[in-house]
>>> print(open('protein_12.pdb').read())   # PDB, C-alpha atoms
MODEL        1
ATOM      1  CA  MET A 654     120.918  98.500 108.745  1.00  0.00           C
ATOM      2  CA  GLU A 655     120.487  99.428 105.120  1.00  0.00           C
ATOM      3  CA  ASN A 656     120.374 102.687 103.239  1.00  0.00           C
ATOM      4  CA  THR A 657     118.911 101.763  99.893  1.00  0.00           C
ATOM      5  CA  PHE A 658     116.878 104.797  98.934  1.00  0.00           C
ATOM      6  CA  LEU A 659     119.013 105.425  95.867  1.00  0.00           C
ATOM      7  CA  ASP A 660     121.285 102.392  95.787  1.00  0.00           C
ATOM      8  CA  GLN A 661     118.892  99.616  94.751  1.00  0.00           C
ATOM      9  CA  PRO A 662     116.963  99.269  91.473  1.00  0.00           C
ATOM     10  CA  ALA A 663     113.215  99.767  91.411  1.00  0.00           C
ATOM     11  CA  VAL A 664     110.806  96.870  90.954  1.00  0.00           C
ATOM     12  CA  ARG A 665     109.404  98.706  87.928  1.00  0.00           C
ATOM     13  CA  PRO A 666     112.017 101.181  86.643  1.00  0.00           C
ATOM     14  CA  ASP A 667     110.611 104.591  85.703  1.00  0.00           C
ATOM     15  CA  PRO A 668     112.806 107.591  84.777  1.00  0.00           C
ATOM     16  CA  ALA A 669     110.462 110.153  86.348  1.00  0.00           C
ATOM     17  CA  LEU A 670     110.263 108.212  89.623  1.00  0.00           C
ATOM     18  CA  ALA A 671     114.055 107.852  89.656  1.00  0.00           C
ATOM     19  CA  ARG A 672     114.458 111.594  89.053  1.00  0.00           C
ATOM     20  CA  ALA A 673     111.946 112.394  91.814  1.00  0.00           C
ATOM     21  CA  ARG A 674     113.827 110.125  94.227  1.00  0.00           C
ATOM     22  CA  ALA A 675     117.062 111.914  93.393  1.00  0.00           C
ATOM     23  CA  ILE A 676     115.446 115.324  94.020  1.00  0.00           C
ATOM     24  CA  VAL A 677     114.049 114.167  97.386  1.00  0.00           C
ATOM     25  CA  ALA A 678     117.424 112.736  98.394  1.00  0.00           C
ATOM     26  CA  ALA A 679     119.182 115.976  97.401  1.00  0.00           C
ATOM     27  CA  THR A 680     116.642 118.050  99.374  1.00  0.00           C
ATOM     28  CA  LEU A 681     117.220 115.971 102.499  1.00  0.00           C
ATOM     29  CA  ALA A 682     120.999 116.122 102.054  1.00  0.00           C
ATOM     30  CA  GLN A 683     120.826 119.921 101.717  1.00  0.00           C
ATOM     31  CA  GLY A 684     118.907 119.939 104.997  1.00  0.00           C
ATOM     32  CA  ALA A 685     121.769 117.984 106.618  1.00  0.00           C
ATOM     33  CA  LEU A 686     119.535 114.979 107.332  1.00  0.00           C
ATOM     34  CA  ASP A 687     121.220 111.586 107.589  1.00  0.00           C
ATOM     35  CA  LEU A 688     118.940 108.661 106.762  1.00  0.00           C
ATOM     36  CA  GLU A 689     118.731 105.158 108.162  1.00  0.00           C
ATOM     37  CA  ILE A 690     116.515 102.538 106.539  1.00  0.00           C
ATOM     38  CA  GLY A 691     116.009  99.136 108.102  1.00  0.00           C
ATOM     39  CA  ARG A 692     113.810  96.071 108.390  1.00  0.00           C
ATOM     40  CA  ASP A 693     114.540  95.062 111.992  1.00  0.00           C
ATOM     41  CA  PHE A 694     111.512  96.356 113.876  1.00  0.00           C
ATOM     42  CA  ALA A 695     112.964  95.519 117.282  1.00  0.00           C
ATOM     43  CA  CYS A 696     115.651  98.064 116.402  1.00  0.00           C
ATOM     44  CA  PHE A 697     112.971 100.520 115.251  1.00  0.00           C
ATOM     45  CA  ARG A 698     111.156 100.131 118.559  1.00  0.00           C
ATOM     46  CA  GLN A 699     114.370 100.974 120.431  1.00  0.00           C
ATOM     47  CA  ILE A 700     115.034 104.028 118.262  1.00  0.00           C
ATOM     48  CA  ALA A 701     111.469 105.245 118.798  1.00  0.00           C
ATOM     49  CA  ALA A 702     111.810 104.740 122.558  1.00  0.00           C
ATOM     50  CA  SER A 703     114.913 106.942 122.548  1.00  0.00           C
ATOM     51  CA  ALA A 704     112.640 109.791 121.395  1.00  0.00           C
ATOM     52  CA  GLY A 705     109.994 108.909 123.975  1.00  0.00           C
ATOM     53  CA  ARG A 706     107.674 107.373 121.399  1.00  0.00           C
ATOM     54  CA  LEU A 707     105.783 104.093 121.504  1.00  0.00           C
ATOM     55  CA  VAL A 708     105.395 102.020 118.349  1.00  0.00           C
ATOM     56  CA  THR A 709     101.795 101.125 117.512  1.00  0.00           C
ATOM     57  CA  PRO A 710     100.745  97.456 117.262  1.00  0.00           C
ATOM     58  CA  ILE A 711     100.768  97.837 113.463  1.00  0.00           C
ATOM     59  CA  PHE A 712     104.582  97.802 113.524  1.00  0.00           C
ATOM     60  CA  ASP A 713     105.244  95.972 116.807  1.00  0.00           C
ATOM     61  CA  ASP A 714     107.626  93.068 116.209  1.00  0.00           C
ATOM     62  CA  ARG A 715     106.516  91.465 119.487  1.00  0.00           C
ATOM     63  CA  LEU A 716     103.112  90.918 117.877  1.00  0.00           C
ATOM     64  CA  GLY A 717     104.643  89.524 114.696  1.00  0.00           C
ATOM     65  CA  GLU A 718     104.110  92.757 112.775  1.00  0.00           C
ATOM     66  CA  PRO A 719     104.715  93.787 110.094  1.00  0.00           C
ATOM     67  CA  GLY A 720     105.074  90.813 107.774  1.00  0.00           C
ATOM     68  CA  GLU A 721     106.718  92.877 105.026  1.00  0.00           C
ATOM     69  CA  GLY A 722     107.914  96.337 105.965  1.00  0.00           C
ATOM     70  CA  VAL A 723     110.691  98.875 106.399  1.00  0.00           C
ATOM     71  CA  TRP A 724     111.308 101.801 108.709  1.00  0.00           C
ATOM     72  CA  ILE A 725     113.056 105.102 108.130  1.00  0.00           C
ATOM     73  CA  ALA A 726     114.814 107.342 110.644  1.00  0.00           C
ATOM     74  CA  ALA A 727     116.476 110.703 110.026  1.00  0.00           C
ATOM     75  CA  ARG A 728     119.049 112.445 112.187  1.00  0.00           C
ATOM     76  CA  ARG A 729     120.400 115.954 112.053  1.00  0.00           C
ATOM     77  CA  GLY A 730     123.726 116.507 113.730  1.00  0.00           C
ATOM     78  CA  GLY A 731     123.284 113.166 115.485  1.00  0.00           C
ATOM     79  CA  ARG A 732     119.868 114.128 116.880  1.00  0.00           C
ATOM     80  CA  LEU A 733     116.861 112.001 115.928  1.00  0.00           C
ATOM     81  CA  VAL A 734     114.369 114.273 114.151  1.00  0.00           C
ATOM     82  CA  HIS A 735     112.160 111.932 112.128  1.00  0.00           C
ATOM     83  CA  LEU A 736     110.590 108.478 112.113  1.00  0.00           C
ATOM     84  CA  GLN A 737     108.219 106.666 109.793  1.00  0.00           C
ATOM     85  CA  ALA A 738     107.418 103.091 108.845  1.00  0.00           C
ATOM     86  CA  LEU A 739     105.932 101.348 105.828  1.00  0.00           C
ATOM     87  CA  ARG A 740     104.274  97.973 105.423  1.00  0.00           C
ATOM     88  CA  CYS A 741     103.034  96.220 102.298  1.00  0.00           C
ATOM     89  CA  ASP A 742     100.029  93.908 102.491  1.00  0.00           C
ATOM     90  CA  ARG A 743      98.047  91.963  99.922  1.00  0.00           C
ATOM     91  CA  VAL A 744      94.528  93.279 100.411  1.00  0.00           C
ATOM     92  CA  ALA A 745      91.444  91.364  99.257  1.00  0.00           C
ATOM     93  CA  PRO A 746      88.647  91.877  98.612  1.00  0.00           C
ATOM     94  CA  ASP A 747      89.064  95.488  99.800  1.00  0.00           C
ATOM     95  CA  LEU A 748      90.699  97.655 102.445  1.00  0.00           C
ATOM     96  CA  ALA A 749      87.571  97.917 104.604  1.00  0.00           C
ATOM     97  CA  GLY A 750      87.373  94.151 104.990  1.00  0.00           C
ATOM     98  CA  HIS A 751      91.129  93.814 105.460  1.00  0.00           C
ATOM     99  CA  LEU A 752      91.213  96.357 108.290  1.00  0.00           C
ATOM    100  CA  ALA A 753      88.168  94.851 109.981  1.00  0.00           C
ATOM    101  CA  ASP A 754      89.688  91.358 109.848  1.00  0.00           C
ATOM    102  CA  TRP A 755      93.239  92.367 110.818  1.00  0.00           C
ATOM    103  CA  LEU A 756      93.453  95.753 112.528  1.00  0.00           C
ATOM    104  CA  VAL A 757      90.590  95.411 114.996  1.00  0.00           C
ATOM    105  CA  PRO A 758      91.709  91.987 116.341  1.00  0.00           C
ATOM    106  CA  LEU A 759      95.337  93.174 116.407  1.00  0.00           C
ATOM    107  CA  TYR A 760      94.586  96.024 118.806  1.00  0.00           C
ATOM    108  CA  ARG A 761      92.433  93.725 120.914  1.00  0.00           C
ATOM    109  CA  ARG A 762      95.284  91.191 121.081  1.00  0.00           C
ATOM    110  CA  ALA A 763      97.718  93.950 122.036  1.00  0.00           C
ATOM    111  CA  GLY A 764      95.494  94.884 124.972  1.00  0.00           C
ATOM    112  CA  GLN A 765      95.326  98.498 123.871  1.00  0.00           C
ATOM    113  CA  PRO A 766      92.875 100.731 125.781  1.00  0.00           C
ATOM    114  CA  ILE A 767      92.174 102.626 122.549  1.00  0.00           C
ATOM    115  CA  ARG A 768      90.981 100.454 119.675  1.00  0.00           C
ATOM    116  CA  PRO A 769      89.692 100.951 116.142  1.00  0.00           C
ATOM    117  CA  HIS A 770      85.931 100.518 115.874  1.00  0.00           C
ATOM    118  CA  PRO A 771      84.795  98.433 112.879  1.00  0.00           C
ATOM    119  CA  ALA A 772      81.895 100.782 112.149  1.00  0.00           C
ATOM    120  CA  GLY A 773      84.079 103.484 110.609  1.00  0.00           C
ATOM    121  CA  LEU A 774      86.070 101.340 108.217  1.00  0.00           C
ATOM    122  CA  SER A 775      83.468 101.150 105.446  1.00  0.00           C
ATOM    123  CA  ARG A 776      82.117 104.703 105.726  1.00  0.00           C
ATOM    124  CA  VAL A 777      84.472 106.077 103.074  1.00  0.00           C
ATOM    125  CA  PRO A 778      83.829 104.629  99.578  1.00  0.00           C
ATOM    126  CA  ALA A 779      87.575 104.442  98.912  1.00  0.00           C
ATOM    127  CA  THR A 780      88.003 101.710 101.514  1.00  0.00           C
ATOM    128  CA  ARG A 781      85.802  99.560  99.264  1.00  0.00           C
ATOM    129  CA  GLU A 782      87.888 100.411  96.205  1.00  0.00           C
ATOM    130  CA  ILE A 783      91.446  99.990  97.526  1.00  0.00           C
ATOM    131  CA  SER A 784      92.798  96.473  96.987  1.00  0.00           C
ATOM    132  CA  GLY A 785      95.778  94.530  95.645  1.00  0.00           C
ATOM    133  CA  ARG A 786      99.280  95.337  96.869  1.00  0.00           C
ATOM    134  CA  VAL A 787      98.658  98.114  99.367  1.00  0.00           C
ATOM    135  CA  VAL A 788     101.194 100.072 101.424  1.00  0.00           C
ATOM    136  CA  TYR A 789     100.405 101.703 104.750  1.00  0.00           C
ATOM    137  CA  GLN A 790     102.577 104.676 105.786  1.00  0.00           C
ATOM    138  CA  GLY A 791     102.540 105.225 109.540  1.00  0.00           C
ATOM    139  CA  GLU A 792     104.486 106.106 112.693  1.00  0.00           C
ATOM    140  CA  PHE A 793     105.156 109.445 110.976  1.00  0.00           C
ATOM    141  CA  TRP A 794     106.830 111.855 113.385  1.00  0.00           C
ATOM    142  CA  VAL A 795     108.889 115.007 112.859  1.00  0.00           C
ATOM    143  CA  ALA A 796     110.606 116.748 115.769  1.00  0.00           C
ATOM    144  CA  SER A 797     109.325 120.251 116.348  1.00  0.00           C
ATOM    145  CA  GLY A 798     111.112 123.407 117.378  1.00  0.00           C
ATOM    146  CA  ALA A 799     113.889 125.509 115.946  1.00  0.00           C
ATOM    147  CA  ALA A 800     116.551 123.209 117.393  1.00  0.00           C
ATOM    148  CA  ALA A 801     115.339 120.341 115.215  1.00  0.00           C
ATOM    149  CA  GLY A 802     115.731 122.471 112.102  1.00  0.00           C
ATOM    150  CA  VAL A 803     113.141 120.575 110.038  1.00  0.00           C
ATOM    151  CA  SER A 804     111.382 123.024 107.727  1.00  0.00           C
ATOM    152  CA  GLY A 805     108.057 122.535 106.002  1.00  0.00           C
ATOM    153  CA  ARG A 806     109.873 121.667 102.783  1.00  0.00           C
ATOM    154  CA  LEU A 807     111.938 119.025 104.563  1.00  0.00           C
ATOM    155  CA  SER A 808     108.776 117.590 106.107  1.00  0.00           C
ATOM    156  CA  ALA A 809     107.250 117.334 102.618  1.00  0.00           C
ATOM    157  CA  ALA A 810     110.411 115.634 101.385  1.00  0.00           C
ATOM    158  CA  LEU A 811     110.201 113.118 104.228  1.00  0.00           C
ATOM    159  CA  GLY A 812     106.607 112.332 103.278  1.00  0.00           C
ATOM    160  CA  TRP A 813     107.648 111.768  99.694  1.00  0.00           C
ATOM    161  CA  LEU A 814     110.655 109.757 100.828  1.00  0.00           C
ATOM    162  CA  GLY A 815     108.334 107.111 102.262  1.00  0.00           C
ATOM    163  CA  GLN A 816     106.022 106.966  99.260  1.00  0.00           C
ATOM    164  CA  LEU A 817     108.850 106.750  96.744  1.00  0.00           C
ATOM    165  CA  GLU A 818     110.641 104.106  98.793  1.00  0.00           C
ATOM    166  CA  ALA A 819     107.410 102.086  98.858  1.00  0.00           C
ATOM    167  CA  VAL A 820     107.034 102.378  95.083  1.00  0.00           C
ATOM    168  CA  ARG A 821     110.678 101.420  94.544  1.00  0.00           C
ATOM    169  CA  ARG A 822     110.422  98.325  96.739  1.00  0.00           C
ATOM    170  CA  TRP A 823     106.941  97.002  96.090  1.00  0.00           C
ATOM    171  CA  ALA A 824     105.282  98.814  93.150  1.00  0.00           C
ATOM    172  CA  PRO A 825     102.004  98.920  95.107  1.00  0.00           C
ATOM    173  CA  ASP A 826      98.563  99.500  93.637  1.00  0.00           C
ATOM    174  CA  HIS A 827      97.669 101.957  96.429  1.00  0.00           C
ATOM    175  CA  LEU A 828      99.247 103.749  99.396  1.00  0.00           C
ATOM    176  CA  TYR A 829      97.357 105.094 102.397  1.00  0.00           C
ATOM    177  CA  ALA A 830      97.714 106.673 105.810  1.00  0.00           C
ATOM    178  CA  PHE A 831      95.458 107.987 108.573  1.00  0.00           C
ATOM    179  CA  MET A 832      95.464 111.614 109.745  1.00  0.00           C
ATOM    180  CA  THR A 833      93.452 113.810 112.045  1.00  0.00           C
ATOM    181  CA  ALA A 834      90.910 116.093 110.397  1.00  0.00           C
ATOM    182  CA  ARG A 835      92.871 119.169 111.481  1.00  0.00           C
ATOM    183  CA  LYS A 836      96.046 117.988 109.745  1.00  0.00           C
ATOM    184  CA  VAL A 837      94.197 117.182 106.532  1.00  0.00           C
ATOM    185  CA  GLN A 838      92.331 120.488 106.540  1.00  0.00           C
ATOM    186  CA  ASN A 839      95.583 122.358 107.205  1.00  0.00           C
ATOM    187  CA  GLY A 840      97.054 120.878 104.042  1.00  0.00           C
ATOM    188  CA  LEU A 841      99.536 118.472 105.618  1.00  0.00           C
ATOM    189  CA  ALA A 842      98.233 115.508 103.633  1.00  0.00           C
ATOM    190  CA  ALA A 843      98.638 117.355 100.339  1.00  0.00           C
ATOM    191  CA  ARG A 844     102.107 118.594 101.280  1.00  0.00           C
ATOM    192  CA  GLY A 845     103.025 115.030 102.217  1.00  0.00           C
ATOM    193  CA  GLY A 846     102.071 113.877  98.736  1.00  0.00           C
ATOM    194  CA  TYR A 847      98.551 112.496  99.189  1.00  0.00           C
ATOM    195  CA  ASN A 848      96.006 113.494  96.557  1.00  0.00           C
ATOM    196  CA  ARG A 849      92.838 112.014  98.041  1.00  0.00           C
ATOM    197  CA  SER A 850      91.183 112.033 101.442  1.00  0.00           C
ATOM    198  CA  GLY A 851      87.959 110.944 103.101  1.00  0.00           C
ATOM    199  CA  PRO A 852      86.555 111.784 106.536  1.00  0.00           C
ATOM    200  CA  GLY A 853      85.635 109.412 109.318  1.00  0.00           C
ATOM    201  CA  ALA A 854      87.348 106.288 107.996  1.00  0.00           C
ATOM    202  CA  LEU A 855      88.829 105.271 111.341  1.00  0.00           C
ATOM    203  CA  ILE A 856      87.029 105.675 114.638  1.00  0.00           C
ATOM    204  CA  TRP A 857      89.119 105.107 117.751  1.00  0.00           C
ATOM    205  CA  GLU A 858      87.062 104.077 120.743  1.00  0.00           C
ATOM    206  CA  SER A 859      88.331 104.411 124.295  1.00  0.00           C
ATOM    207  CA  THR A 860      87.541 101.821 126.911  1.00  0.00           C
ATOM    208  CA  PRO A 861      86.142 101.758 129.511  1.00  0.00           C
ATOM    209  CA  ASP A 862      85.072 105.353 128.851  1.00  0.00           C
ATOM    210  CA  GLY A 863      86.005 108.414 126.862  1.00  0.00           C
ATOM    211  CA  ASP A 864      84.917 110.096 123.670  1.00  0.00           C
ATOM    212  CA  PRO A 865      85.813 108.364 120.391  1.00  0.00           C
ATOM    213  CA  ALA A 866      88.396 110.049 118.146  1.00  0.00           C
ATOM    214  CA  VAL A 867      87.872 110.093 114.391  1.00  0.00           C
ATOM    215  CA  GLU A 868      90.604 110.091 111.750  1.00  0.00           C
ATOM    216  CA  TRP A 869      90.550 110.607 108.016  1.00  0.00           C
ATOM    217  CA  ILE A 870      92.042 108.247 105.482  1.00  0.00           C
ATOM    218  CA  VAL A 871      94.404 109.765 102.896  1.00  0.00           C
ATOM    219  CA  TRP A 872      95.475 107.736  99.913  1.00  0.00           C
ATOM    220  CA  ASN A 873      97.051 107.595  96.472  1.00  0.00           C
ATOM    221  CA  SER A 874      96.773 105.185  93.595  1.00  0.00           C
ATOM    222  CA  ALA A 875      99.914 104.113  91.758  1.00  0.00           C
ATOM    223  CA  ALA A 876      98.890 106.514  88.963  1.00  0.00           C
ATOM    224  CA  ASP A 877      98.619 109.385  91.467  1.00  0.00           C
ATOM    225  CA  VAL A 878     102.179 108.813  92.682  1.00  0.00           C
ATOM    226  CA  ALA A 879     103.503 108.515  89.131  1.00  0.00           C
ATOM    227  CA  ALA A 880     101.785 111.766  88.100  1.00  0.00           C
ATOM    228  CA  ARG A 881     103.099 113.718  91.096  1.00  0.00           C
ATOM    229  CA  ALA A 882     106.576 112.235  90.620  1.00  0.00           C
ATOM    230  CA  ALA A 883     106.545 113.384  86.999  1.00  0.00           C
ATOM    231  CA  LEU A 884     105.714 116.928  88.162  1.00  0.00           C
ATOM    232  CA  ILE A 885     108.539 116.860  90.712  1.00  0.00           C
ATOM    233  CA  ALA A 886     110.922 115.558  88.050  1.00  0.00           C
ATOM    234  CA  ALA A 887     109.825 118.441  85.795  1.00  0.00           C
ATOM    235  CA  GLY A 888     110.593 121.031  88.469  1.00  0.00           C
ATOM    236  CA  SER A 889     107.484 121.356  90.649  1.00  0.00           C
ATOM    237  CA  ASP A 890     108.151 121.916  94.320  1.00  0.00           C
ATOM    238  CA  LEU A 891     107.690 118.937  96.617  1.00  0.00           C
ATOM    239  CA  ASP A 892     104.518 120.435  98.084  1.00  0.00           C
ATOM    240  CA  GLY A 893     102.850 120.488  94.665  1.00  0.00           C
ATOM    241  CA  ARG A 894     103.530 124.052  93.565  1.00  0.00           C
ATOM    242  CA  PRO A 895     104.215 124.241  89.813  1.00  0.00           C
ATOM    243  CA  PRO A 896     107.694 124.934  88.449  1.00  0.00           C
ATOM    244  CA  ASN A 897     108.741 128.541  88.084  1.00  0.00           C
ATOM    245  CA  PRO A 898     107.981 129.780  84.562  1.00  0.00           C
ATOM    246  CA  ALA A 899     110.889 130.528  82.309  1.00  0.00           C
ATOM    247  CA  PRO A 900     111.714 134.251  82.073  1.00  0.00           C
ATOM    248  CA  PRO A 901     110.338 135.922  78.940  1.00  0.00           C
ATOM    249  CA  ALA A 902     112.702 136.096  75.999  1.00  0.00           C
ATOM    250  CA  ARG A 903     114.196 139.471  75.333  1.00  0.00           C
TER     251      ARG A 903
ENDMDL
END
>>> encode(input="protein_12.pdb", output="structure tokens")
Amino acid sequence: MENTFLDQPAVRPDPALARARAIVAATLAQGALDLEIGRDFACFRQIAASAGRLVTPIFDDRLGEPGEGVWIAARRGGRLVHLQALRCDRVAPDLAGHLADWLVPLYRRAGQPIRPHPAGLSRVPATREISGRVVYQGEFWVASGAAAGVSGRLSAALGWLGQLEAVRRWAPDHLYAFMTARKVQNGLAARGGYNRSGPGALIWESTPDGDPAVEWIVWNSAADVAARAALIAAGSDLDGRPPNPAPPAR
């Protein structure tokens, strides 16, 4: 197990990113959240199972996934209240082709009854523009209910925790995730730090029958993350609200 969110140097040091990481860490500490960060995905699978959650094939060590990745867990008073995982892939020529060549066969190999359909992967222009070192943020779960004690601000901090950890470790060109339309339209993507979104990027088809489910892609470029981190470092709230103006001089 490692806890390197603040302890290890960044691949590309940046004062604003370092300040943003410190603010996120302080926010989580104020919320009494204890973090675990690790690279053993068999351990992650066991932790997820303790919360009654199944890990998707994208992060299933039994399928040899991910090649390069980390997971994050958060506990409050010993209770597991959050999970997420990150993986970094070299994507060429673009994300649409990468997902078609990797994600679709992966779900087929896993024997999953619900599989991504290749038709949706190129519908959003961004999937033709995202390439290079690309980080996927997934398995994102936050316990609900008053007993869990995870506020909206803490949820936003957890979203930023993953993105900033990805930038610290890998300095990616892009980061992305998939979300339901309802979550995007309710502002959860923006509160989690994603600036851009596109509908219908991932179509899940059920076999042998059932209606397909459609998810949106949300994503950031490296410049997007740097710009938002600079705002956080300057005092903006984690959900993007600007800093409070200074009181007028008397």
>>> closest_residue(input="protein_12.pdb", among="A:Thr709, A:Gln737, A:Gln816, A:Ser703", to="Ile690 (chain A)", atoms="only C-alpha atoms")
A:Gln737
>>> resolve_selection(input="protein_12.pdb", expression="the PyMOL selection byres ((chain A and resi 791) around 10)", output="ChimeraX atom specification")
/A:708-709,711-712,724,736-740,788-790,792-794,815,829-832
>>> resolve_selection(input="protein_12.pdb", expression="the PyMOL selection byres ((chain A and resi 807) around 12)", output="PyMOL selection string")
chain A and resi 676-686+727+729+734-735+795-796+801-806+808-814+844-845+890-892
>>> residues_near_point(input="protein_12.pdb", point="(107.8, 112.5, 92.0)", cutoff="9 Å", atoms="all atoms listed in the file", output="PyMOL selection string")
chain A and resi 669-674+676-677+813+817+846+878-887+889+891
>>> resolve_selection(input="protein_12.pdb", expression="the PyMOL selection byres ((chain A and resi 694) around 10)", output="PyMOL selection string")
chain A and resi 691-693+695-700+708+712-715+717-719+722-724+738
>>> atom_distance(input="protein_12.pdb", atom1="CA of Gly851 (chain A)", atom2="CA of Leu828 (chain A)")
13.9 Å
>>> closest_residue(input="protein_12.pdb", among="A:Gly853, A:Leu748, A:Glu818, A:Gly730", to="Ala779 (chain A)", atoms="all atoms listed in the file")
A:Leu748
>>> atom_distance(input="protein_12.pdb", atom1="CA of Ile783 (chain A)", atom2="CA of Val820 (chain A)")
16.0 Å
>>> closest_atom_pairs(input="protein_12.pdb", of="region 764-858 of chain A", to="region 741-747 of chain A", cutoff="8 Å", atoms="all atoms listed in the file", output="tab-separated table")
residue	atom	partner	partner_atom	distance
A:Thr780	CA	A:Asp747	CA	6.5
A:Arg781	CA	A:Asp747	CA	5.2
A:Glu782	CA	A:Asp747	CA	6.2
A:Ile783	CA	A:Asp747	CA	5.6
A:Ser784	CA	A:Asp747	CA	4.8
A:Gly785	CA	A:Val744	CA	5.1
A:Arg786	CA	A:Arg743	CA	4.7
A:Val787	CA	A:Asp742	CA	5.4
A:Val788	CA	A:Cys741	CA	4.4
A:Tyr789	CA	A:Cys741	CA	6.6
A:Trp823	CA	A:Cys741	CA	7.4
A:Pro825	CA	A:Cys741	CA	7.7
>>> atom_distance(input="protein_12.pdb", atom1="CA of Val777 (chain A)", atom2="CA of Val837 (chain A)")
15.2 Å
>>> closest_residue(input="protein_12.pdb", among="A:Arg821, A:Ile870, A:Ser797, A:Leu733", to="Thr833 (chain A)", atoms="only C-alpha atoms")
A:Ile870
>>> residues_around(input="protein_12.pdb", residues="region 749-759 of chain A", least_positions_apart="3", cutoff="6 Å", atoms="all atoms listed in the file", output="VMD selection string")
chain A and resid 762 769 771 774 to 775 780 to 781
>>> write_last_selection(input="protein_12.pdb", atoms="C-alpha atoms", output="PDB file, in the coordinates of the input")
ATOM      1  CA  ARG A 762      95.284  91.191 121.081  1.00  0.00           C
ATOM      2  CA  PRO A 769      89.692 100.951 116.142  1.00  0.00           C
ATOM      3  CA  PRO A 771      84.795  98.433 112.879  1.00  0.00           C
ATOM      4  CA  LEU A 774      86.070 101.340 108.217  1.00  0.00           C
ATOM      5  CA  SER A 775      83.468 101.150 105.446  1.00  0.00           C
ATOM      6  CA  THR A 780      88.003 101.710 101.514  1.00  0.00           C
ATOM      7  CA  ARG A 781      85.802  99.560  99.264  1.00  0.00           C
TER       8      ARG A 781
END
>>> closest_residue(input="protein_12.pdb", among="A:Gly798, A:Trp872, A:Ser859, A:Arg732", to="Asp826 (chain A)", atoms="all atoms listed in the file")
A:Trp872
>>> decode(input="protein_12.pdb", residues="region 795-811 of chain A", atoms="N, CA and C atoms", output="short mmCIF file (atom, residue, chain, number, x, y, z; two decimals), in the first residue's frame")
data_model
loop_
_atom_site.label_atom_id
_atom_site.label_comp_id
_atom_site.auth_asym_id
_atom_site.auth_seq_id
_atom_site.Cartn_x
_atom_site.Cartn_y
_atom_site.Cartn_z
N VAL A 795 -19.15 6.78 -4.41
CA VAL A 795 -19.20 7.47 -3.12
C VAL A 795 -20.39 6.94 -2.35
N ALA A 796 -20.18 6.52 -1.12
CA ALA A 796 -21.27 6.00 -0.29
C ALA A 796 -22.29 7.10 -0.06
N SER A 797 -23.54 6.73 -0.09
CA SER A 797 -24.62 7.71 0.12
C SER A 797 -25.16 7.60 1.54
N GLY A 798 -25.96 8.59 1.90
CA GLY A 798 -26.60 8.57 3.21
C GLY A 798 -25.85 9.41 4.23
N ALA A 799 -26.59 9.84 5.22
CA ALA A 799 -26.02 10.71 6.26
C ALA A 799 -24.92 10.00 7.03
N ALA A 800 -25.03 8.69 7.19
CA ALA A 800 -24.03 7.95 7.97
C ALA A 800 -22.66 8.00 7.32
N ALA A 801 -22.64 8.07 5.98
CA ALA A 801 -21.36 8.13 5.28
C ALA A 801 -20.68 9.47 5.48
N GLY A 802 -21.47 10.53 5.59
CA GLY A 802 -20.92 11.85 5.88
C GLY A 802 -20.10 12.45 4.77
N VAL A 803 -20.38 12.09 3.52
CA VAL A 803 -19.60 12.63 2.39
C VAL A 803 -20.44 13.71 1.71
N SER A 804 -20.06 14.95 1.91
CA SER A 804 -20.80 16.08 1.37
C SER A 804 -20.49 16.26 -0.11
N GLY A 805 -21.25 17.17 -0.74
CA GLY A 805 -20.98 17.48 -2.14
C GLY A 805 -19.59 18.04 -2.34
N ARG A 806 -19.11 18.84 -1.39
CA ARG A 806 -17.77 19.40 -1.52
C ARG A 806 -16.71 18.31 -1.41
N LEU A 807 -16.94 17.34 -0.52
CA LEU A 807 -16.00 16.23 -0.41
C LEU A 807 -16.01 15.38 -1.67
N SER A 808 -17.19 15.18 -2.25
CA SER A 808 -17.27 14.43 -3.50
C SER A 808 -16.48 15.13 -4.61
N ALA A 809 -16.60 16.47 -4.68
CA ALA A 809 -15.82 17.23 -5.66
C ALA A 809 -14.33 17.07 -5.41
N ALA A 810 -13.95 17.10 -4.13
CA ALA A 810 -12.53 16.93 -3.79
C ALA A 810 -12.03 15.56 -4.20
N LEU A 811 -12.87 14.53 -4.05
CA LEU A 811 -12.46 13.19 -4.44
C LEU A 811 -12.29 13.09 -5.95
#
